[in-house]
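K.L.:
Dropping in my_file.txt, which is compact mmCIF, C-alpha atoms:
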# COMPACT_ATOMS: atom_id res chain seq x y z
CA MET A 1 -0.52 3.67 7.03
CA GLN A 2 1.33 6.89 7.32
CA VAL A 3 4.70 8.02 8.53
CA ALA A 4 5.66 11.44 9.76
CA THR A 5 7.30 13.56 7.10
CA GLY A 6 9.31 16.72 7.36
CA SER A 7 11.13 19.26 5.27
CA PHE A 8 14.75 20.42 5.26
CA ARG A 9 13.72 23.85 4.00
CA GLY A 10 11.96 26.55 5.91
CA GLY A 11 12.50 25.05 9.36
CA ASP A 12 9.63 24.93 11.84
CA ALA A 13 7.35 27.10 9.70
CA VAL A 14 7.31 24.52 6.91
CA GLY A 15 6.88 21.72 9.44
CA LEU A 16 3.92 23.52 10.99
CA ARG A 17 2.26 24.08 7.61
CA GLU A 18 2.77 20.44 6.64
CA ARG A 19 1.29 19.23 9.93
CA LYS A 20 -1.72 21.49 9.44
CA LYS A 21 -2.21 20.15 5.91
CA GLN A 22 -1.91 16.59 7.19
CA ARG A 23 -4.52 17.27 9.89
CA THR A 24 -6.91 18.67 7.29
CA ARG A 25 -6.30 15.70 5.01
CA ASP A 26 -6.90 13.24 7.85
CA ALA A 27 -10.08 15.08 8.86
CA LEU A 28 -11.39 14.89 5.30
CA VAL A 29 -10.63 11.17 5.11
CA ASP A 30 -12.29 10.54 8.47
CA ALA A 31 -15.38 12.53 7.48
CA ALA A 32 -15.58 10.79 4.11
CA LEU A 33 -15.30 7.31 5.60
CA ASP A 34 -17.92 8.01 8.27
CA LEU A 35 -20.37 9.46 5.74
CA PHE A 36 -19.76 6.69 3.22
CA LEU A 37 -20.42 4.04 5.87
CA THR A 38 -23.52 5.68 7.33
CA ARG A 39 -25.18 7.26 4.28
CA GLY A 40 -23.73 5.13 1.51
CA TYR A 41 -20.90 5.88 -0.88
CA GLU A 42 -23.09 6.81 -3.85
CA ALA A 43 -25.40 9.00 -1.78
CA THR A 44 -22.59 11.05 -0.23
CA THR A 45 -21.40 14.20 -2.00
CA VAL A 46 -18.13 16.08 -1.86
CA GLU A 47 -20.04 19.07 -0.49
CA GLN A 48 -21.26 17.00 2.46
CA ILE A 49 -17.77 15.75 3.22
CA ALA A 50 -16.33 19.27 3.12
CA ALA A 51 -19.14 20.58 5.34
CA GLU A 52 -18.30 17.99 8.01
CA VAL A 53 -14.80 19.44 8.25
CA ASP A 54 -16.01 23.03 7.90
CA VAL A 55 -14.06 23.65 4.70
CA SER A 56 -15.11 24.44 1.15
CA SER A 57 -15.43 21.97 -1.69
CA ARG A 58 -12.55 23.82 -3.30
CA THR A 59 -10.39 22.92 -0.30
CA PHE A 60 -11.44 19.27 -0.65
CA PHE A 61 -10.23 19.25 -4.25
CA ARG A 62 -6.85 20.56 -3.19
CA TYR A 63 -6.33 17.23 -1.46
CA PHE A 64 -8.34 14.77 -3.55
CA ALA A 65 -9.36 14.58 -7.18
CA SER A 66 -12.68 12.89 -6.33
CA LYS A 67 -14.54 11.16 -3.53
CA GLU A 68 -13.17 7.85 -4.84
CA ASP A 69 -9.70 9.29 -4.47
CA ALA A 70 -10.48 10.07 -0.81
CA ALA A 71 -11.95 6.62 -0.18
CA LEU A 72 -8.91 4.87 -1.66
CA SER A 73 -6.30 7.30 -0.34
CA LEU A 74 -5.05 5.00 2.42
CA THR A 75 -4.56 2.17 -0.05
CA ALA A 76 -2.63 4.48 -2.38
CA GLU A 77 -0.46 5.74 0.50
CA GLU A 78 0.34 2.21 1.64
CA GLN A 79 1.45 1.32 -1.89
CA GLU A 80 3.67 4.40 -2.14
CA MET A 81 5.28 3.55 1.19
CA PHE A 82 5.86 -0.05 0.17
CA LEU A 83 7.54 0.93 -3.10
CA ALA A 84 9.73 3.45 -1.26
CA GLU A 85 10.76 0.72 1.20
CA LEU A 86 11.52 -1.72 -1.62
CA VAL A 87 13.79 0.76 -3.40
CA THR A 88 15.93 1.06 -0.25
CA ARG A 89 16.44 -2.69 0.23
CA PRO A 90 20.04 -3.93 -0.27
CA GLU A 91 20.87 -4.86 -3.84
CA SER A 92 22.40 -8.09 -2.47
CA GLU A 93 18.93 -9.38 -1.56
CA SER A 94 17.16 -11.61 -4.05
CA PRO A 95 13.97 -10.06 -5.50
CA PHE A 96 11.47 -12.08 -3.47
CA THR A 97 13.49 -11.54 -0.28
CA ALA A 98 13.51 -7.79 -0.93
CA LEU A 99 9.74 -7.81 -1.46
CA SER A 100 9.15 -9.91 1.66
CA GLN A 101 11.41 -7.82 3.87
CA SER A 102 9.76 -4.64 2.60
CA MET A 103 6.39 -6.06 3.57
CA ARG A 104 7.70 -7.04 7.01
CA ALA A 105 8.81 -3.43 7.49
CA MET A 106 5.28 -2.31 6.58
CA LEU A 107 3.77 -4.80 9.01
CA GLY A 108 6.03 -3.37 11.71
CA ILE A 109 4.60 0.09 11.03
CA LEU A 110 1.09 -1.35 11.10
CA ARG A 111 1.64 -2.78 14.58
CA GLU A 112 2.74 0.63 15.89
CA LEU A 113 -0.22 2.68 14.66
CA ASP A 114 -2.29 4.53 17.23
CA GLU A 115 -5.99 3.91 17.76
CA ALA A 116 -7.13 6.68 15.41
CA GLU A 117 -4.92 5.46 12.56
CA THR A 118 -5.94 1.85 13.10
CA GLY A 119 -9.62 2.79 13.12
CA ARG A 120 -9.19 4.74 9.90
CA ILE A 121 -7.67 1.74 8.11
CA VAL A 122 -10.36 -0.65 9.40
CA LYS A 123 -13.11 1.68 8.20
CA ALA A 124 -11.49 2.07 4.79
CA ARG A 125 -11.18 -1.69 4.33
CA ARG A 126 -14.77 -2.24 5.45
CA LEU A 127 -15.99 0.39 3.01
CA ILE A 128 -13.98 -0.94 0.06
CA HIS A 129 -15.09 -4.53 0.57
CA SER A 130 -18.74 -3.50 0.80
CA THR A 131 -18.75 -1.15 -2.22
CA PRO A 132 -18.34 -2.80 -5.64
CA SER A 133 -17.14 0.36 -7.39
CA LEU A 134 -14.47 0.95 -4.74
CA LEU A 135 -13.45 -2.70 -4.79
CA ALA A 136 -12.90 -2.32 -8.53
CA GLY A 137 -11.00 0.91 -7.94
CA GLY A 138 -8.85 -0.79 -5.32
CA MET A 139 -8.00 -3.61 -7.70
CA ARG A 140 -7.08 -1.03 -10.33
CA LEU A 141 -4.62 0.49 -7.85
CA VAL A 142 -3.23 -2.98 -7.15
CA ARG A 143 -2.64 -3.57 -10.85
CA GLU A 144 -1.01 -0.16 -11.33
CA ASN A 145 1.23 -0.78 -8.32
CA GLU A 146 2.07 -4.25 -9.62
CA ARG A 147 3.48 -2.70 -12.79
CA ARG A 148 5.70 -0.41 -10.74
CA LEU A 149 6.90 -3.33 -8.63
CA VAL A 150 7.72 -5.28 -11.79
CA ALA A 151 9.78 -2.33 -13.05
CA GLU A 152 11.76 -2.19 -9.79
CA VAL A 153 12.29 -5.96 -9.61
CA ALA A 154 13.35 -5.99 -13.26
CA ARG A 155 15.86 -3.24 -12.53
CA ARG A 156 17.30 -5.26 -9.64
CA MET A 157 17.54 -8.34 -11.86
CA GLY A 158 19.09 -6.46 -14.77
CA VAL A 159 16.35 -7.43 -17.22
CA PRO A 160 13.63 -5.44 -19.04
CA PRO A 161 10.19 -5.11 -17.38
CA ASP A 162 8.60 -7.25 -20.08
CA ASP A 163 10.79 -10.20 -19.08
CA LEU A 164 8.64 -13.01 -17.69
CA GLN A 165 10.76 -13.64 -14.59
CA PRO A 166 10.19 -10.31 -12.76
CA GLN A 167 6.52 -10.50 -13.74
CA PHE A 168 6.29 -13.99 -12.25
CA VAL A 169 8.09 -12.98 -9.02
CA VAL A 170 5.80 -9.98 -8.48
CA SER A 171 2.65 -11.89 -9.43
CA LEU A 172 3.43 -14.52 -6.82
CA PHE A 173 4.10 -11.88 -4.19
CA VAL A 174 0.93 -9.93 -4.99
CA GLY A 175 -1.03 -13.19 -4.88
CA ILE A 176 0.13 -13.71 -1.29
CA GLY A 177 -1.21 -10.27 -0.41
CA LEU A 178 -4.57 -10.95 -2.03
CA LEU A 179 -4.79 -14.28 -0.18
CA CYS A 180 -4.11 -12.46 3.07
CA LEU A 181 -6.86 -9.93 2.40
CA ASP A 182 -9.33 -12.75 1.74
CA GLY A 183 -9.25 -13.38 5.48
CA PRO A 184 -10.74 -11.23 8.27
CA THR A 185 -9.67 -7.59 7.95
CA GLU A 186 -11.29 -6.00 11.01
CA ASP A 187 -8.42 -7.00 13.32
CA LEU A 188 -5.22 -5.55 11.88
CA GLY A 189 -3.11 -7.53 14.31
CA ASP A 190 -4.58 -10.77 13.01
CA MET A 191 -4.10 -9.60 9.44
CA ALA A 192 -0.42 -8.82 10.11
CA ARG A 193 0.11 -12.26 11.64
CA ARG A 194 -1.66 -13.91 8.70
CA TYR A 195 0.55 -12.02 6.27
CA GLU A 196 3.69 -13.02 8.18
CA ASP A 197 2.58 -16.67 8.22
CA LEU A 198 1.99 -16.61 4.45
CA LEU A 199 5.41 -15.04 3.78
CA THR A 200 7.06 -17.68 5.96
CA LEU A 201 5.15 -20.44 4.18
CA ALA A 202 6.26 -19.12 0.80
CA GLU A 203 9.90 -18.89 1.88
CA ARG A 204 9.78 -22.44 3.23
CA SER A 205 8.11 -23.80 0.10
CA LEU A 206 10.11 -22.14 -2.66
CA ARG A 207 13.42 -23.56 -3.86
CA PRO A 208 16.42 -21.37 -2.95
CA GLY A 209 17.52 -19.25 -5.88
CA TRP A 210 14.25 -19.59 -7.78
CA ASP A 211 13.92 -15.80 -8.10
CA LEU A 212 17.47 -15.04 -9.23
CA PRO A 213 17.97 -14.00 -12.86
CA VAL A 214 18.46 -16.80 -15.35
CA ARG A 215 21.40 -15.97 -17.61
CA PRO A 216 21.69 -17.15 -21.23
CA GLY A 217 22.93 -20.70 -21.40
CA THR A 218 21.94 -21.48 -17.80
CA ALA A 219 18.29 -22.44 -18.31
CA GLY A 220 17.22 -24.94 -15.70
CA VAL A 221 20.30 -24.30 -13.53
CA VAL A 222 19.45 -22.78 -10.16
CA PRO A 223 22.15 -20.33 -9.06
CA PRO A 224 23.34 -20.50 -5.45
CA PRO A 225 21.22 -18.43 -3.01
CA ARG A 226 22.52 -15.05 -1.96
Output the file's structure as structure tokens, nothing else.
P.N.:
Amino acid sequence: MQVATGSFRGGDAVGLRERKKQRTRDALVDAALDLFLTRGYEATTVEQIAAEVDVSSRTFFRYFASKEDAALSLTAEEQEMFLAELVTRPESESPFTALSQSMRAMLGILRELDEAETGRIVKARRLIHSTPSLLAGGMRLVRENERRLVAEVARRMGVPPDDLQPQFVVSLFVGIGLLCLDGPTEDLGDMARRYEDLLTLAERSLRPGWDLPVRPGTAGVVPPPR
């Protein structure tokens, strides 16, 4: 999932250059996904991907460190967007609420994607789930992102990242996402509804205040919900 970005410096010229770079990046991703799905991930080379877009391999490496980087780029972008959304959530929200509302914002973006963007995501998911090395790479990204989410949740709770409570909150949230992805992924609308249903189920099932920080001397006491 992508959002339009701009620059406050350089006016239209910078905006034009950024749009051109984004078009090249999208073209490389599209070419890579199509080649990976038709010829196989292992059999496809960076040179073949670059040739499809009529650019050099050197140009490819300006955008991606490797073909795995290209294959997993949408996953990495989604994670960056989610973290950025989480950081902007009101400090008054409890950690799990902030995570859930950030995901709902992402699902809103997902529902508004055009056909080309939707097709790109569906292809990427199909490729990852059918390629063991990419599935492993995707899980590595999930784990790396989980650590960053723990750091942000810990900051909001006023505790260190190695505290068990932010780790538990994030682990539960990430588990909901993995459960969602266990279902059909070809229809993004269905996936968004499944995610929303799981978030609602979690909110209905969890005791109010369970994710608020436990202060010394208050073990076992659930603070009032915020």
K.L.:
Go through A:Phe36, A:Tyr63, A:Phe82, A:Phe173 one by one, measure the shortest atom-to-atom distance of each to Leu107 in chain A using all atoms listed in the file, and give the residue with the smallest value.
P.N.:
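When distances to Leu107 in chain A are compared using all atoms listed in the file, the smallest one comes from A:Phe82.
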K.L.:
Measuring atom to atom with all atoms listed in the file, identify which of A:Glu146, A:Val174, A:Gln79, A:Arg39 is nearest to Pro161 in chain A.
P.N.:
A:Glu146
K.L.:
Using all atoms listed in the file, find all polymer residues with an atom at most 12 Å away from the point (-9.0, 10.7, 2.2); report them as a ChimeraX atom specification.
P.N.:
/A:22-36,46,49-50,60-77,120-121,123-124
K.L.:
What does the distance between CA of Glu80 in chain A and CA of Arg207 in chain A come to in Å, to one decimal place?
P.N.:
29.7 Å
K.L.:
Using all atoms listed in the file, which residues sit within 10 Å of Glu91 in chain A once same-chain residues fewer than 6 positions away are excluded, as a VMD selection string?
P.N.:
chain A and resid 98 156 to 157
K.L.:
Please, could you write that set of residues out with C-alpha atoms as a CSV table (one decimal), in the coordinates of the input?
P.N.:
chain,number,residue,atom,x,y,z
A,98,ALA,CA,13.5,-7.8,-0.9
A,156,ARG,CA,17.3,-5.3,-9.6
A,157,MET,CA,17.5,-8.3,-11.9
K.L.:
Can you tell me which residues surround Leu198 in chain A at a distance of at most 7 Å, considering all atoms listed in the file, apart from same-chain residues fewer than 4 positions away, and format the answer as a list in words?
P.N.:
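Contacts, with the query itself left out: Ile176, Arg194 and Ala202 of chain A.
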K.L.:
What is the CA of Val150 in chain A-CA of Glu203 in chain A distance in Å, reported with one decimal?
P.N.:
19.4 Å
K.L.:
Hey, can you check how far CA of Gly175 in chain A sits from CA of Glu117 in chain A?
P.N.:
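Spanning CA of Gly175 in chain A to CA of Glu117 in chain A is a straight-line distance of 25.8 Å.
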K.L.:
Which is closest to Gln167 in chain A among A:Arg104, A:Arg204, A:Arg148, A:Arg140, if we use all atoms listed in the file?
P.N.:
A:Arg148
K.L.:
Which residue, A:Glu144, A:Arg111, A:Gly15, A:Val87, has the smallest gap to Met191 in chain A when you use all atoms listed in the file?
P.N.:
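Residue with the minimum atom-to-atom distance to Met191 in chain A: A:Arg111.
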K.L.:
Could you check the closest approach to Ala154 in chain A for each of A:Asp54, A:Glu112, A:Glu85, A:Asp211 and tell me which residue wins, using all atoms listed in the file?
P.N.:
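When distances to Ala154 in chain A are compared using all atoms listed in the file, the smallest one comes from A:Asp211.
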K.L.:
When you look at range 178-182 of chain A with a cut-off of 12 Å (counting only C-alpha atoms), what residues show up, excluding the ones that are within fewer than 5 positions of it in the same chain? I need them as a list in words.
P.N.:
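The neighbour list is Arg125, Arg126, Ile128, His129, Gly138, Met139, Val142, Arg143, Ser171, Leu172, Phe173, Asp187, Leu188, Asp190, Met191, Ala192, Arg193, Arg194, Tyr195, Glu196, Asp197, Leu198 and Leu199 of chain A.
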K.L.:
Just write range 142-222 of chain A with C-alpha atoms, as a PDB file, in the first residue's frame, taken from the block above.
P.N.:
ATOM      1  CA  VAL A 142       7.446  -9.267  10.545  1.00  0.00           C
ATOM      2  CA  ARG A 143       9.818 -10.009  13.416  1.00  0.00           C
ATOM      3  CA  GLU A 144      11.908  -6.898  12.742  1.00  0.00           C
ATOM      4  CA  ASN A 145       8.766  -4.774  12.606  1.00  0.00           C
ATOM      5  CA  GLU A 146       7.491  -6.402  15.794  1.00  0.00           C
ATOM      6  CA  ARG A 147      10.582  -5.153  17.634  1.00  0.00           C
ATOM      7  CA  ARG A 148       9.934  -1.616  16.428  1.00  0.00           C
ATOM      8  CA  LEU A 149       6.293  -1.837  17.500  1.00  0.00           C
ATOM      9  CA  VAL A 150       7.381  -3.046  20.938  1.00  0.00           C
ATOM     10  CA  ALA A 151       9.705  -0.043  21.241  1.00  0.00           C
ATOM     11  CA  GLU A 152       6.876   2.371  20.380  1.00  0.00           C
ATOM     12  CA  VAL A 153       4.351   0.682  22.678  1.00  0.00           C
ATOM     13  CA  ALA A 154       6.923   0.641  25.481  1.00  0.00           C
ATOM     14  CA  ARG A 155       7.507   4.359  24.967  1.00  0.00           C
ATOM     15  CA  ARG A 156       3.762   5.023  25.214  1.00  0.00           C
ATOM     16  CA  MET A 157       3.562   2.930  28.384  1.00  0.00           C
ATOM     17  CA  GLY A 158       6.616   4.535  29.963  1.00  0.00           C
ATOM     18  CA  VAL A 159       8.480   1.247  30.372  1.00  0.00           C
ATOM     19  CA  PRO A 160      11.644  -0.201  28.762  1.00  0.00           C
ATOM     20  CA  PRO A 161      11.276  -2.321  25.596  1.00  0.00           C
ATOM     21  CA  ASP A 162      12.386  -5.433  27.464  1.00  0.00           C
ATOM     22  CA  ASP A 163       9.381  -5.150  29.789  1.00  0.00           C
ATOM     23  CA  LEU A 164       7.050  -8.111  29.285  1.00  0.00           C
ATOM     24  CA  GLN A 165       3.856  -6.065  29.026  1.00  0.00           C
ATOM     25  CA  PRO A 166       4.574  -4.190  25.745  1.00  0.00           C
ATOM     26  CA  GLN A 167       5.971  -7.418  24.308  1.00  0.00           C
ATOM     27  CA  PHE A 168       2.761  -9.232  25.238  1.00  0.00           C
ATOM     28  CA  VAL A 169       0.516  -6.484  23.802  1.00  0.00           C
ATOM     29  CA  VAL A 170       2.384  -6.450  20.487  1.00  0.00           C
ATOM     30  CA  SER A 171       2.610 -10.240  20.279  1.00  0.00           C
ATOM     31  CA  LEU A 172      -1.156 -10.507  20.653  1.00  0.00           C
ATOM     32  CA  PHE A 173      -1.721  -7.856  18.010  1.00  0.00           C
ATOM     33  CA  VAL A 174       0.732  -9.430  15.560  1.00  0.00           C
ATOM     34  CA  GLY A 175      -0.923 -12.802  16.169  1.00  0.00           C
ATOM     35  CA  ILE A 176      -4.233 -11.342  15.003  1.00  0.00           C
ATOM     36  CA  GLY A 177      -2.559 -10.232  11.789  1.00  0.00           C
ATOM     37  CA  LEU A 178      -1.038 -13.645  11.175  1.00  0.00           C
ATOM     38  CA  LEU A 179      -4.425 -15.273  11.799  1.00  0.00           C
ATOM     39  CA  CYS A 180      -5.970 -12.939   9.256  1.00  0.00           C
ATOM     40  CA  LEU A 181      -3.355 -13.828   6.648  1.00  0.00           C
ATOM     41  CA  ASP A 182      -4.046 -17.527   7.179  1.00  0.00           C
ATOM     42  CA  GLY A 183      -7.324 -16.939   5.359  1.00  0.00           C
ATOM     43  CA  PRO A 184      -7.863 -16.231   1.637  1.00  0.00           C
ATOM     44  CA  THR A 185      -5.633 -13.394   0.423  1.00  0.00           C
ATOM     45  CA  GLU A 186      -6.691 -13.046  -3.224  1.00  0.00           C
ATOM     46  CA  ASP A 187      -9.667 -10.801  -2.376  1.00  0.00           C
ATOM     47  CA  LEU A 188      -8.337  -7.797  -0.470  1.00  0.00           C
ATOM     48  CA  GLY A 189     -11.845  -6.689   0.424  1.00  0.00           C
ATOM     49  CA  ASP A 190     -12.496 -10.002   2.148  1.00  0.00           C
ATOM     50  CA  MET A 191      -9.142  -9.793   3.884  1.00  0.00           C
ATOM     51  CA  ALA A 192      -9.941  -6.298   5.193  1.00  0.00           C
ATOM     52  CA  ARG A 193     -13.310  -7.478   6.514  1.00  0.00           C
ATOM     53  CA  ARG A 194     -11.678 -10.501   8.148  1.00  0.00           C
ATOM     54  CA  TYR A 195      -9.122  -8.261   9.826  1.00  0.00           C
ATOM     55  CA  GLU A 196     -11.838  -5.908  11.069  1.00  0.00           C
ATOM     56  CA  ASP A 197     -13.846  -8.848  12.430  1.00  0.00           C
ATOM     57  CA  LEU A 198     -10.786 -10.162  14.297  1.00  0.00           C
ATOM     58  CA  LEU A 199     -10.032  -6.737  15.806  1.00  0.00           C
ATOM     59  CA  THR A 200     -13.639  -6.423  16.942  1.00  0.00           C
ATOM     60  CA  LEU A 201     -13.552  -9.925  18.422  1.00  0.00           C
ATOM     61  CA  ALA A 202     -10.379  -9.089  20.336  1.00  0.00           C
ATOM     62  CA  GLU A 203     -11.818  -5.842  21.684  1.00  0.00           C
ATOM     63  CA  ARG A 204     -14.976  -7.632  22.795  1.00  0.00           C
ATOM     64  CA  SER A 205     -13.052 -10.469  24.436  1.00  0.00           C
ATOM     65  CA  LEU A 206     -10.333  -8.597  26.314  1.00  0.00           C
ATOM     66  CA  ARG A 207     -10.944  -7.081  29.734  1.00  0.00           C
ATOM     67  CA  PRO A 208     -10.945  -3.251  29.715  1.00  0.00           C
ATOM     68  CA  GLY A 209      -7.629  -1.877  30.915  1.00  0.00           C
ATOM     69  CA  TRP A 210      -5.700  -5.091  30.332  1.00  0.00           C
ATOM     70  CA  ASP A 211      -3.099  -3.277  28.215  1.00  0.00           C
ATOM     71  CA  LEU A 212      -2.499  -0.315  30.520  1.00  0.00           C
ATOM     72  CA  PRO A 213       0.820  -0.185  32.385  1.00  0.00           C
ATOM     73  CA  VAL A 214       0.939  -1.978  35.712  1.00  0.00           C
ATOM     74  CA  ARG A 215       2.581   0.271  38.296  1.00  0.00           C
ATOM     75  CA  PRO A 216       4.597  -1.024  41.266  1.00  0.00           C
ATOM     76  CA  GLY A 217       2.323  -2.107  44.063  1.00  0.00           C
ATOM     77  CA  THR A 218      -0.719  -2.483  41.796  1.00  0.00           C
ATOM     78  CA  ALA A 219      -0.160  -6.023  40.512  1.00  0.00           C
ATOM     79  CA  GLY A 220      -3.456  -7.671  39.738  1.00  0.00           C
ATOM     80  CA  VAL A 221      -5.371  -4.367  39.877  1.00  0.00           C
ATOM     81  CA  VAL A 222      -6.875  -3.375  36.542  1.00  0.00           C
TER      82      VAL A 222
END
